[in-house]
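Engineer: You'll find model27.cif just under this line, and it carries mmCIF, C-alpha atoms and all ligand atoms.
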```cif
data_upload
#
loop_
_atom_site.label_atom_id
_atom_site.label_comp_id
_atom_site.auth_asym_id
_atom_site.auth_seq_id
_atom_site.Cartn_x
_atom_site.Cartn_y
_atom_site.Cartn_z
CA MET A 11 43.05 87.86 -148.15
CA PRO A 12 42.91 85.56 -145.14
CA CYS A 13 42.91 81.78 -145.13
CA THR A 14 39.82 79.65 -145.12
CA VAL A 15 39.59 77.64 -141.93
CA VAL A 16 37.14 74.76 -141.58
CA ARG A 17 36.77 72.99 -138.25
CA ARG A 18 34.94 69.70 -138.45
CA GLU A 19 35.05 66.08 -137.38
CA ILE A 20 36.43 63.34 -139.56
CA GLU A 21 35.44 59.71 -139.07
CA LEU A 22 38.42 57.42 -138.63
CA ALA A 23 37.81 53.78 -137.68
CA GLY A 24 34.33 54.78 -136.57
CA LEU A 25 35.65 57.46 -134.18
CA LYS A 26 34.84 61.13 -134.55
CA VAL A 27 38.18 62.95 -134.61
CA PRO A 28 38.57 66.76 -134.61
CA LEU A 29 40.13 68.14 -137.80
CA VAL A 30 41.15 71.68 -138.74
CA GLU A 31 41.49 72.25 -142.49
CA ILE A 32 43.25 75.47 -143.47
CA THR A 33 43.38 76.55 -147.09
CA GLY A 34 45.70 79.38 -148.06
CA ARG A 35 45.90 81.49 -151.17
CA GLY A 36 47.59 79.86 -154.12
CA ASP A 37 49.11 76.46 -154.68
CA GLY A 38 51.62 75.14 -152.23
CA PRO A 39 52.48 72.12 -150.14
CA LEU A 40 50.02 70.11 -148.11
CA LEU A 41 51.26 69.88 -144.53
CA THR A 42 49.59 67.44 -142.16
CA VAL A 43 50.04 67.93 -138.43
CA ILE A 44 48.90 65.38 -135.86
CA ALA A 45 48.94 65.41 -132.07
CA GLY A 46 47.38 63.19 -129.45
CA VAL A 47 48.44 59.90 -131.01
CA HIS A 48 49.08 59.30 -127.32
CA GLY A 49 46.08 60.67 -125.44
CA CYS A 50 47.83 62.06 -122.35
CA GLU A 51 50.52 64.06 -124.14
CA TYR A 52 48.96 67.37 -123.25
CA ALA A 53 51.74 69.82 -124.14
CA SER A 54 51.80 68.68 -127.78
CA ILE A 55 48.00 68.57 -128.00
CA ALA A 56 47.87 72.10 -126.56
CA GLY A 57 50.56 73.23 -129.00
CA VAL A 58 48.55 72.13 -132.05
CA ARG A 59 45.32 73.54 -130.58
CA ARG A 60 46.99 76.92 -130.07
CA TRP A 61 48.84 76.91 -133.39
CA THR A 62 45.66 76.38 -135.41
CA ARG A 63 43.76 79.11 -133.55
CA ASP A 64 44.70 82.23 -135.50
CA PHE A 65 45.03 81.22 -139.15
CA GLU A 66 41.94 83.25 -140.08
CA THR A 67 44.18 86.33 -140.00
CA ARG A 68 47.43 84.83 -141.33
CA GLU A 69 48.87 84.62 -144.79
CA LEU A 70 49.43 81.10 -146.06
CA THR A 71 50.32 79.36 -149.30
CA GLY A 72 49.18 75.77 -149.65
CA ARG A 73 47.09 73.75 -147.24
CA ILE A 74 47.25 72.43 -143.69
CA ARG A 75 45.37 69.52 -142.15
CA ALA A 76 45.70 69.46 -138.38
CA VAL A 77 44.38 66.93 -135.89
CA PRO A 78 44.84 68.14 -132.30
CA VAL A 79 43.79 64.82 -130.72
CA LEU A 80 43.89 61.66 -132.81
CA ASN A 81 43.51 59.02 -130.09
CA VAL A 82 40.25 60.44 -128.80
CA THR A 83 39.33 57.45 -126.66
CA GLY A 84 42.77 57.42 -125.02
CA PHE A 85 42.35 61.12 -124.28
CA ALA A 86 38.88 60.63 -122.79
CA ALA A 87 40.04 57.69 -120.66
CA ARG A 88 43.31 59.44 -119.65
CA ALA A 89 45.03 56.26 -120.84
CA PRO A 90 48.76 56.73 -121.41
CA PHE A 91 50.50 55.07 -124.40
CA VAL A 92 47.58 53.02 -125.72
CA VAL A 93 44.20 52.98 -127.38
CA PRO A 94 42.21 51.71 -124.38
CA GLU A 95 39.86 49.45 -126.38
CA ASP A 96 42.66 47.09 -127.44
CA GLY A 97 45.60 48.12 -125.28
CA LYS A 98 47.77 48.75 -128.33
CA ASN A 99 50.17 51.63 -128.83
CA LEU A 100 48.80 53.50 -131.84
CA ASN A 101 52.29 54.74 -132.69
CA ARG A 102 53.46 51.15 -133.26
CA CYS A 103 50.57 50.35 -135.62
CA PHE A 104 51.26 52.52 -138.70
CA PRO A 105 50.56 52.18 -141.59
CA GLY A 106 47.78 50.14 -140.03
CA ASP A 107 45.51 47.27 -140.91
CA PRO A 108 41.92 47.73 -142.14
CA SER A 109 40.83 44.39 -140.63
CA GLY A 110 42.73 44.73 -137.36
CA THR A 111 41.79 45.95 -133.89
CA LEU A 112 40.74 49.54 -133.24
CA ALA A 113 44.28 50.95 -132.96
CA GLU A 114 45.29 49.21 -136.20
CA ARG A 115 42.18 50.45 -138.00
CA LEU A 116 42.66 53.96 -136.66
CA ALA A 117 46.25 53.93 -137.92
CA TYR A 118 45.07 52.64 -141.30
CA ASP A 119 42.36 55.26 -141.74
CA THR A 120 44.68 58.02 -140.53
CA PHE A 121 47.37 56.94 -142.95
CA ARG A 122 44.95 56.65 -145.90
CA GLN A 123 42.87 59.76 -145.24
CA LEU A 124 45.37 62.19 -143.73
CA ILE A 125 48.99 61.17 -144.26
CA GLU A 126 48.98 59.78 -147.81
CA GLY A 127 49.10 62.57 -150.35
CA SER A 128 50.71 65.01 -147.91
CA ASP A 129 53.97 66.72 -148.81
CA ALA A 130 55.07 66.82 -145.19
CA LEU A 131 53.99 65.40 -141.84
CA VAL A 132 54.65 66.61 -138.30
CA ASP A 133 53.54 64.25 -135.54
CA ALA A 134 53.73 66.25 -132.30
CA HIS A 135 54.37 64.31 -129.11
CA CYS A 136 55.76 64.73 -125.63
CA GLY A 137 56.71 62.34 -122.88
CA ASP A 138 53.59 60.48 -121.81
CA MET A 139 52.12 60.50 -118.27
CA VAL A 140 55.16 58.69 -116.82
CA GLU A 141 57.92 59.96 -119.12
CA ALA A 142 60.26 62.90 -118.65
CA LEU A 143 62.22 64.10 -121.64
CA GLN A 144 64.49 66.61 -123.27
CA PRO A 145 62.86 68.18 -126.31
CA PHE A 146 63.95 66.36 -129.46
CA THR A 147 62.96 65.59 -133.03
CA LEU A 148 63.13 62.19 -134.67
CA TYR A 149 63.24 61.41 -138.38
CA GLU A 150 63.92 58.29 -140.43
CA ALA A 151 66.39 57.31 -143.06
CA GLY A 152 64.78 56.97 -146.47
CA PRO A 153 63.95 58.70 -149.73
CA ALA A 154 62.64 61.92 -148.13
CA GLU A 155 65.18 62.16 -145.36
CA ASP A 156 66.99 65.29 -146.55
CA ARG A 157 63.79 67.31 -146.31
CA ALA A 158 62.83 65.55 -143.08
CA ARG A 159 66.18 66.51 -141.57
CA GLU A 160 65.61 70.14 -142.55
CA MET A 161 62.21 70.02 -140.89
CA ALA A 162 63.71 68.40 -137.79
CA VAL A 163 66.31 71.16 -137.51
CA ALA A 164 63.75 73.88 -138.27
CA TYR A 165 61.55 72.71 -135.39
CA GLY A 166 64.26 74.17 -133.18
CA LEU A 167 64.65 71.57 -130.42
CA PRO A 168 68.03 70.80 -128.83
CA TYR A 169 68.39 67.20 -130.11
CA VAL A 170 67.79 65.68 -133.53
CA ILE A 171 67.86 61.88 -133.93
CA ARG A 172 68.06 60.05 -137.23
CA GLN A 173 66.78 56.51 -137.15
CA GLU A 174 68.01 53.87 -139.58
CA ARG A 175 65.42 51.65 -141.18
CA GLY A 176 65.35 47.96 -140.46
CA PRO A 177 64.89 45.61 -137.53
CA ASP A 178 67.44 47.29 -135.25
CA ARG A 179 65.58 50.56 -134.92
CA ALA A 180 64.29 51.37 -131.44
CA VAL A 181 60.81 52.25 -132.54
CA ALA A 182 58.82 50.89 -135.50
CA GLY A 183 55.26 51.44 -136.67
CA THR A 184 55.29 55.18 -136.04
CA SER A 185 53.30 57.61 -138.14
CA SER A 186 56.45 59.42 -139.24
CA GLY A 187 58.24 56.15 -140.02
CA ALA A 188 55.35 54.92 -142.18
CA ALA A 189 55.19 58.31 -143.91
CA ALA A 190 58.94 58.16 -144.55
CA GLU A 191 58.51 54.73 -146.13
CA ALA A 192 55.95 56.31 -148.47
CA GLY A 193 58.42 59.04 -149.43
CA ILE A 194 56.82 61.80 -147.35
CA ALA A 195 59.08 64.18 -145.41
CA ALA A 196 58.07 63.46 -141.82
CA ILE A 197 59.18 64.14 -138.28
CA THR A 198 58.14 63.23 -134.77
CA ALA A 199 58.63 66.28 -132.54
CA GLU A 200 58.72 65.82 -128.76
CA ALA A 201 58.56 68.53 -126.09
CA GLY A 202 56.96 68.30 -122.66
CA GLY A 203 56.00 65.27 -120.59
CA CYS A 204 54.77 63.68 -117.37
CA GLY A 205 51.13 64.57 -118.06
CA LEU A 206 51.91 68.25 -117.47
CA LEU A 207 50.73 71.24 -119.44
CA GLU A 208 53.88 73.32 -119.22
CA GLU A 209 53.84 76.63 -121.08
CA ASP A 210 57.47 76.32 -122.20
CA ALA A 211 56.78 73.03 -123.96
CA VAL A 212 53.55 74.26 -125.54
CA ALA A 213 55.41 77.31 -126.86
CA LEU A 214 58.18 75.09 -128.30
CA HIS A 215 55.61 73.22 -130.36
CA VAL A 216 53.90 76.39 -131.60
CA ALA A 217 57.24 77.97 -132.59
CA GLY A 218 58.44 74.73 -134.17
CA LEU A 219 55.32 74.37 -136.31
CA ASN A 220 55.64 77.99 -137.46
CA ARG A 221 59.27 77.43 -138.44
CA VAL A 222 58.30 74.33 -140.44
CA LEU A 223 55.77 76.51 -142.30
CA HIS A 224 58.56 78.94 -143.17
CA LEU A 225 60.85 76.13 -144.26
CA LEU A 226 58.18 74.75 -146.58
CA GLY A 227 57.65 78.22 -148.07
CA MET A 228 54.08 78.35 -146.82
CA THR A 229 54.35 81.65 -144.93
CA PRO A 230 56.00 84.86 -146.08
CA GLY A 231 59.27 86.22 -144.71
CA GLN A 232 61.86 84.48 -142.65
CA PRO A 233 61.61 83.10 -139.13
CA ASP A 234 63.22 85.15 -136.40
CA ALA A 235 66.81 83.88 -136.29
CA ALA A 236 67.24 84.91 -132.66
CA GLU A 237 64.28 82.76 -131.72
CA ALA A 238 65.65 79.69 -133.50
CA GLY A 239 68.23 78.86 -130.84
CA PRO A 240 71.56 77.13 -131.27
CA GLU A 241 72.30 74.32 -133.72
CA PRO A 242 70.97 71.03 -132.31
CA HIS A 243 73.03 68.01 -131.29
CA PHE A 244 72.68 65.23 -133.83
CA PHE A 245 72.48 61.54 -133.00
CA GLY A 246 72.46 58.58 -135.39
CA ARG A 247 71.29 55.98 -132.89
CA PHE A 248 68.40 55.82 -130.44
CA LEU A 249 68.92 53.13 -127.78
CA TRP A 250 66.10 52.04 -125.47
CA PRO A 251 67.45 49.98 -122.53
CA ARG A 252 64.98 47.72 -120.71
CA CYS A 253 65.05 45.92 -117.38
CA ARG A 254 65.01 42.15 -116.97
CA ALA A 255 62.66 41.80 -114.00
CA ALA A 256 59.68 43.81 -112.78
CA GLY A 257 60.26 46.01 -109.74
CA TRP A 258 61.07 49.50 -108.49
CA TRP A 259 63.02 51.62 -111.00
CA GLU A 260 65.24 54.34 -109.62
CA PRO A 261 67.33 56.29 -112.13
CA THR A 262 70.41 58.19 -110.98
CA VAL A 263 70.44 60.36 -114.11
CA ALA A 264 68.09 62.95 -115.55
CA PRO A 265 67.05 63.81 -119.11
CA GLY A 266 69.83 65.83 -120.72
CA ASP A 267 72.61 64.14 -118.73
CA LEU A 268 75.71 63.07 -120.62
CA VAL A 269 76.68 59.46 -119.85
CA ALA A 270 79.56 57.14 -120.72
CA ALA A 271 79.23 53.53 -121.90
CA GLY A 272 79.09 51.22 -118.88
CA GLN A 273 78.32 53.98 -116.41
CA PRO A 274 75.68 52.98 -113.80
CA ILE A 275 72.55 55.03 -114.50
CA GLY A 276 70.01 53.45 -112.17
CA SER A 277 68.73 50.34 -110.52
CA VAL A 278 65.72 48.06 -110.28
CA SER A 279 65.02 46.68 -106.82
CA SER A 280 62.39 44.52 -105.15
CA LEU A 281 59.18 46.24 -104.09
CA ASP A 282 60.05 45.90 -100.38
CA GLY A 283 63.39 47.58 -101.06
CA SER A 284 65.46 44.76 -99.62
CA GLN A 285 66.94 43.38 -102.82
CA LEU A 286 68.84 44.95 -105.69
CA LEU A 287 67.59 43.09 -108.78
CA GLU A 288 69.63 44.84 -111.44
CA THR A 289 72.05 47.69 -111.88
CA ILE A 290 71.36 49.46 -115.15
CA THR A 291 74.35 50.77 -117.09
CA ALA A 292 74.53 53.05 -120.11
CA PRO A 293 74.72 50.94 -123.30
CA ALA A 294 76.82 53.60 -125.10
CA ASP A 295 78.26 57.08 -124.74
CA GLY A 296 75.41 59.54 -125.22
CA VAL A 297 72.74 61.78 -123.77
CA ILE A 298 69.67 60.71 -121.80
CA ILE A 299 66.81 61.84 -124.05
CA PHE A 300 63.86 60.43 -122.12
CA LEU A 301 63.37 58.61 -118.88
CA THR A 302 60.55 56.53 -117.42
CA SER A 303 59.70 58.71 -114.45
CA SER A 304 57.46 56.19 -112.70
CA PRO A 305 59.23 53.74 -110.35
CA ALA A 306 56.83 50.98 -111.45
CA VAL A 307 58.39 48.86 -114.17
CA ALA A 308 57.26 45.54 -115.65
CA ALA A 309 59.56 42.72 -116.73
CA ASP A 310 61.26 43.85 -119.96
CA GLY A 311 60.01 47.35 -119.15
CA LEU A 312 61.30 50.38 -121.00
CA LEU A 313 63.57 52.50 -118.78
CA LEU A 314 64.91 55.29 -120.94
CA GLY A 315 65.97 56.47 -124.36
CA LEU A 316 69.60 57.28 -125.08
CA GLY A 317 70.76 59.35 -128.02
CA ALA A 318 74.13 58.08 -129.25
CA SER A 319 76.31 58.79 -132.24
ZN ZN A 401 53.83 60.08 -127.80
#
```
Write out the structure in this file as structure tokens.

Structural biologist:
Amino acid sequence: MPCTVVRREIELAGLKVPLVEITGRGDGPLLTVIAGVHGCEYASIAGVRRWTRDFETRELTGRIRAVPVLNVTGFAARAPFVVPEDGKNLNRCFPGDPSGTLAERLAYDTFRQLIEGSDALVDAHCGDMVEALQPFTLYEAGPAEDRAREMAVAYGLPYVIRQERGPDRAVAGTSSGAAAEAGIAAITAEAGGCGLLEEDAVALHVAGLNRVLHLLGMTPGQPDAAEAGPEPHFFGRFLWPRCRAAGWWEPTVAPGDLVAAGQPIGSVSSLDGSQLLETITAPADGVIIFLTSSPAVAADGLLLGLGAS
């Protein structure tokens, strides 16, 4: 007997957001999958769109809730990083605020209506319009981290980063971080970037989501071991170097490059090119996970993400 698939819109913070609800036979976990928290991350949006397409003919135990594009106004406006109405990064707003601005209310309603009560959460991302990256999965320390780590490995991307809780973490207010705080096994999975719709990255997301289903015991059989790829590299720190002054950013490294602490990895210069404002050096031994691909950087602008042990 096939699954029941219902495609409808759910109202979150007054916005109509597409939702795919898939109900399998028999009791099982509730998996929530979100993409488009950032509206220009097309490879991850496409991955979730494609993944949800054929469940009518698949066998499933448990339930899936999938949102292919959460930040619908960011998608419509082609606005990278933010919800355009308030300029806030939705993935810094979780678990949200019911009396806040639109991004904060959208985070709140998403957390209350979709994330809470789930057994597992996958938030699918890629590099945004001006970010290049190596595919990686991020999860947080916390009560559900053992399961989250298994999900991160199952997703099948080359790098897995564990983030400690507390003020030192590179990124706070994420959907997966808020879910982890609530004891839900959650990952942020990143493949693709630069506003591109690359087939390889889309396929990574589809395969990763299917392997998470297997891990959670929601689909029969075992995933194809040959397809799973080699064991990922694990990192315990995620460092996000920034520049001091605004200017023209020119990295000398690429995502996936291995760097040593203190090694020059790029520069920021004046817009006319006459003045070197800052030489950027690697803050630790590690691998370049993502890189701001646009030369335009603001003061205190984010330059890259480094995975370090
Ligand atoms: Zn993102």

Engineer: Have a look at A:Gly205, A:Gly36, A:Gly166, A:Gly24 and name the one nearest to ligand ZN 401 (chain A); count only C-alpha atoms and all ligand atoms.

Structural biologist: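 Closest residue, counting only C-alpha atoms and all ligand atoms: A:Gly205.
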
Engineer: Once you count only C-alpha atoms and all ligand atoms, which residues end up within 12 Å of ligand ZN 401 (chain A), and could you hand them over as a short mmCIF file (atom, residue, chain, number, x, y, z; two decimals) with C-alpha atoms, keeping the file's coordinate frame?

Structural biologist:
```
data_model
loop_
_atom_site.label_atom_id
_atom_site.label_comp_id
_atom_site.auth_asym_id
_atom_site.auth_seq_id
_atom_site.Cartn_x
_atom_site.Cartn_y
_atom_site.Cartn_z
CA ILE A 44 48.90 65.38 -135.86
CA ALA A 45 48.94 65.41 -132.07
CA GLY A 46 47.38 63.19 -129.45
CA VAL A 47 48.44 59.90 -131.01
CA HIS A 48 49.08 59.30 -127.32
CA GLY A 49 46.08 60.67 -125.44
CA CYS A 50 47.83 62.06 -122.35
CA GLU A 51 50.52 64.06 -124.14
CA TYR A 52 48.96 67.37 -123.25
CA ALA A 53 51.74 69.82 -124.14
CA SER A 54 51.80 68.68 -127.78
CA ILE A 55 48.00 68.57 -128.00
CA VAL A 79 43.79 64.82 -130.72
CA LEU A 80 43.89 61.66 -132.81
CA ASN A 81 43.51 59.02 -130.09
CA GLY A 84 42.77 57.42 -125.02
CA ALA A 89 45.03 56.26 -120.84
CA PRO A 90 48.76 56.73 -121.41
CA PHE A 91 50.50 55.07 -124.40
CA VAL A 92 47.58 53.02 -125.72
CA VAL A 93 44.20 52.98 -127.38
CA ASN A 99 50.17 51.63 -128.83
CA LEU A 100 48.80 53.50 -131.84
CA ASN A 101 52.29 54.74 -132.69
CA ARG A 102 53.46 51.15 -133.26
CA ASP A 133 53.54 64.25 -135.54
CA ALA A 134 53.73 66.25 -132.30
CA HIS A 135 54.37 64.31 -129.11
CA CYS A 136 55.76 64.73 -125.63
CA GLY A 137 56.71 62.34 -122.88
CA ASP A 138 53.59 60.48 -121.81
CA MET A 139 52.12 60.50 -118.27
CA VAL A 140 55.16 58.69 -116.82
CA GLU A 141 57.92 59.96 -119.12
CA ALA A 142 60.26 62.90 -118.65
CA LEU A 143 62.22 64.10 -121.64
CA THR A 147 62.96 65.59 -133.03
CA LEU A 148 63.13 62.19 -134.67
CA VAL A 181 60.81 52.25 -132.54
CA THR A 184 55.29 55.18 -136.04
CA SER A 185 53.30 57.61 -138.14
CA SER A 186 56.45 59.42 -139.24
CA THR A 198 58.14 63.23 -134.77
CA ALA A 199 58.63 66.28 -132.54
CA GLU A 200 58.72 65.82 -128.76
CA ALA A 201 58.56 68.53 -126.09
CA GLY A 202 56.96 68.30 -122.66
CA GLY A 203 56.00 65.27 -120.59
CA CYS A 204 54.77 63.68 -117.37
CA GLY A 205 51.13 64.57 -118.06
CA PHE A 300 63.86 60.43 -122.12
#
```

Engineer: Compile the contact shell of A:Ala270 as a PyMOL selection string: residues with an atom at most 8 Å away, counting all atoms listed in the file, same-chain residues fewer than 4 positions apart removed.

Structural biologist: chain A and resi 292+294-296

Engineer: Determine, counting only C-alpha atoms, which protein, DNA and RNA residues have an atom within 12 Å of an atom of A:Leu301; residues of the same chain fewer than 3 positions away are not included. Present the result as a PDB file with C-alpha atoms, in the frame of the given file.

Structural biologist:
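Listing of result_24.pdb after writing:
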```
ATOM      1  CA  CYS A 136      55.760  64.730-125.630  1.00  0.00           C
ATOM      2  CA  GLY A 137      56.710  62.340-122.880  1.00  0.00           C
ATOM      3  CA  ASP A 138      53.590  60.480-121.810  1.00  0.00           C
ATOM      4  CA  MET A 139      52.120  60.500-118.270  1.00  0.00           C
ATOM      5  CA  VAL A 140      55.160  58.690-116.820  1.00  0.00           C
ATOM      6  CA  GLU A 141      57.920  59.960-119.120  1.00  0.00           C
ATOM      7  CA  ALA A 142      60.260  62.900-118.650  1.00  0.00           C
ATOM      8  CA  LEU A 143      62.220  64.100-121.640  1.00  0.00           C
ATOM      9  CA  GLN A 144      64.490  66.610-123.270  1.00  0.00           C
ATOM     10  CA  GLY A 203      56.000  65.270-120.590  1.00  0.00           C
ATOM     11  CA  CYS A 204      54.770  63.680-117.370  1.00  0.00           C
ATOM     12  CA  LEU A 249      68.920  53.130-127.780  1.00  0.00           C
ATOM     13  CA  TRP A 250      66.100  52.040-125.470  1.00  0.00           C
ATOM     14  CA  PRO A 251      67.450  49.980-122.530  1.00  0.00           C
ATOM     15  CA  ARG A 252      64.980  47.720-120.710  1.00  0.00           C
ATOM     16  CA  TRP A 259      63.020  51.620-111.000  1.00  0.00           C
ATOM     17  CA  GLU A 260      65.240  54.340-109.620  1.00  0.00           C
ATOM     18  CA  PRO A 261      67.330  56.290-112.130  1.00  0.00           C
ATOM     19  CA  THR A 262      70.410  58.190-110.980  1.00  0.00           C
ATOM     20  CA  VAL A 263      70.440  60.360-114.110  1.00  0.00           C
ATOM     21  CA  ALA A 264      68.090  62.950-115.550  1.00  0.00           C
ATOM     22  CA  PRO A 265      67.050  63.810-119.110  1.00  0.00           C
ATOM     23  CA  GLY A 266      69.830  65.830-120.720  1.00  0.00           C
ATOM     24  CA  ASP A 267      72.610  64.140-118.730  1.00  0.00           C
ATOM     25  CA  ILE A 275      72.550  55.030-114.500  1.00  0.00           C
ATOM     26  CA  GLY A 276      70.010  53.450-112.170  1.00  0.00           C
ATOM     27  CA  VAL A 297      72.740  61.780-123.770  1.00  0.00           C
ATOM     28  CA  ILE A 298      69.670  60.710-121.800  1.00  0.00           C
ATOM     29  CA  SER A 304      57.460  56.190-112.700  1.00  0.00           C
ATOM     30  CA  PRO A 305      59.230  53.740-110.350  1.00  0.00           C
ATOM     31  CA  VAL A 307      58.390  48.860-114.170  1.00  0.00           C
ATOM     32  CA  GLY A 311      60.010  47.350-119.150  1.00  0.00           C
ATOM     33  CA  LEU A 312      61.300  50.380-121.000  1.00  0.00           C
ATOM     34  CA  LEU A 313      63.570  52.500-118.780  1.00  0.00           C
ATOM     35  CA  LEU A 314      64.910  55.290-120.940  1.00  0.00           C
ATOM     36  CA  GLY A 315      65.970  56.470-124.360  1.00  0.00           C
ATOM     37  CA  LEU A 316      69.600  57.280-125.080  1.00  0.00           C
ATOM     38  CA  GLY A 317      70.760  59.350-128.020  1.00  0.00           C
TER      39      GLY A 317
END
```

Engineer: So how many Å separate atom CA of A:Gly97 and atom CA of A:Ala180, to one decimal?

Structural biologist: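 If I compute the distance from atom CA of A:Gly97 to atom CA of A:Ala180, I get 19.9 Å.
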
Engineer: Give the answer as one residue: which of A:Ala23, A:Ser303, A:Glu31, A:Pro12 has the shortest atom-to-atom distance to A:Gly110, using only C-alpha atoms?

Structural biologist: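 Comparing A:Ala23, A:Ser303, A:Glu31, A:Pro12 against A:Gly110, the winner is A:Ala23.
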
Engineer: How many Å lie between atom CA of A:Val43 and atom CA of A:Leu131, rounded to one decimal?

Structural biologist: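 We find that atom CA of A:Val43 and atom CA of A:Leu131 lie 5.8 Å from each other.
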
Engineer: Counting all atoms listed in the file, figure out which residue out of A:Phe85, A:Asp156, A:Trp61, A:Asp310 gets nearest to A:Arg221.

Structural biologist: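 With all atoms listed in the file as the atom set, the closest residue is A:Trp61.
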
Engineer: Please, what distance in Å, to one decimal, runs between atom CA of A:Leu167 and atom CA of A:Val30?

Structural biologist: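 Separation of atom CA of A:Leu167 and atom CA of A:Val30: 24.9 Å.
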
Engineer: Which of these residues is nearest to A:Asp96, using only C-alpha atoms: A:Glu114, A:Asp282, A:Asp129, A:Asp64?

Structural biologist: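 When distances to A:Asp96 are compared using only C-alpha atoms, the smallest one comes from A:Glu114.
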
Engineer: Closest to A:Glu160 among A:Ala190, A:Val278, A:Cys253, A:Ile197, using only C-alpha atoms?

Structural biologist: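 Of all the options, A:Ile197 lies closest to A:Glu160.
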
Engineer: Would you mind telling me which residue in A:Ile32, A:Pro108, A:Val212, A:Pro39 lies nearest to A:Arg18 when using all atoms listed in the file?

Structural biologist: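 The shortest atom-to-atom distance to A:Arg18 comes from A:Ile32.
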
Engineer: Name all residues at most 12 Å from A:Arg68 (count only C-alpha atoms; drop same-chain ones fewer than 2 positions away) and give them as a PDB file with C-alpha atoms, in the coordinates of the input.

Structural biologist:
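Saved to selection-v1.pdb:
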```pdb
ATOM      1  CA  MET A  11      43.050  87.860-148.150  1.00  0.00           C
ATOM      2  CA  PRO A  12      42.910  85.560-145.140  1.00  0.00           C
ATOM      3  CA  CYS A  13      42.910  81.780-145.130  1.00  0.00           C
ATOM      4  CA  THR A  14      39.820  79.650-145.120  1.00  0.00           C
ATOM      5  CA  VAL A  15      39.590  77.640-141.930  1.00  0.00           C
ATOM      6  CA  ILE A  32      43.250  75.470-143.470  1.00  0.00           C
ATOM      7  CA  THR A  33      43.380  76.550-147.090  1.00  0.00           C
ATOM      8  CA  GLY A  34      45.700  79.380-148.060  1.00  0.00           C
ATOM      9  CA  ARG A  35      45.900  81.490-151.170  1.00  0.00           C
ATOM     10  CA  TRP A  61      48.840  76.910-133.390  1.00  0.00           C
ATOM     11  CA  THR A  62      45.660  76.380-135.410  1.00  0.00           C
ATOM     12  CA  ARG A  63      43.760  79.110-133.550  1.00  0.00           C
ATOM     13  CA  ASP A  64      44.700  82.230-135.500  1.00  0.00           C
ATOM     14  CA  PHE A  65      45.030  81.220-139.150  1.00  0.00           C
ATOM     15  CA  GLU A  66      41.940  83.250-140.080  1.00  0.00           C
ATOM     16  CA  LEU A  70      49.430  81.100-146.060  1.00  0.00           C
ATOM     17  CA  THR A  71      50.320  79.360-149.300  1.00  0.00           C
ATOM     18  CA  ASN A 220      55.640  77.990-137.460  1.00  0.00           C
ATOM     19  CA  LEU A 223      55.770  76.510-142.300  1.00  0.00           C
ATOM     20  CA  MET A 228      54.080  78.350-146.820  1.00  0.00           C
ATOM     21  CA  THR A 229      54.350  81.650-144.930  1.00  0.00           C
ATOM     22  CA  PRO A 230      56.000  84.860-146.080  1.00  0.00           C
TER      23      PRO A 230
END
```

Engineer: Write out as a list of chain:residue names each polymer residue whose atoms come within 9 Å of A:Arg157, counting all atoms listed in the file; drop sequence neighbours fewer than 6 positions from it.

Structural biologist: A:Ala130, A:Ile194, A:Ala195, A:Ala196
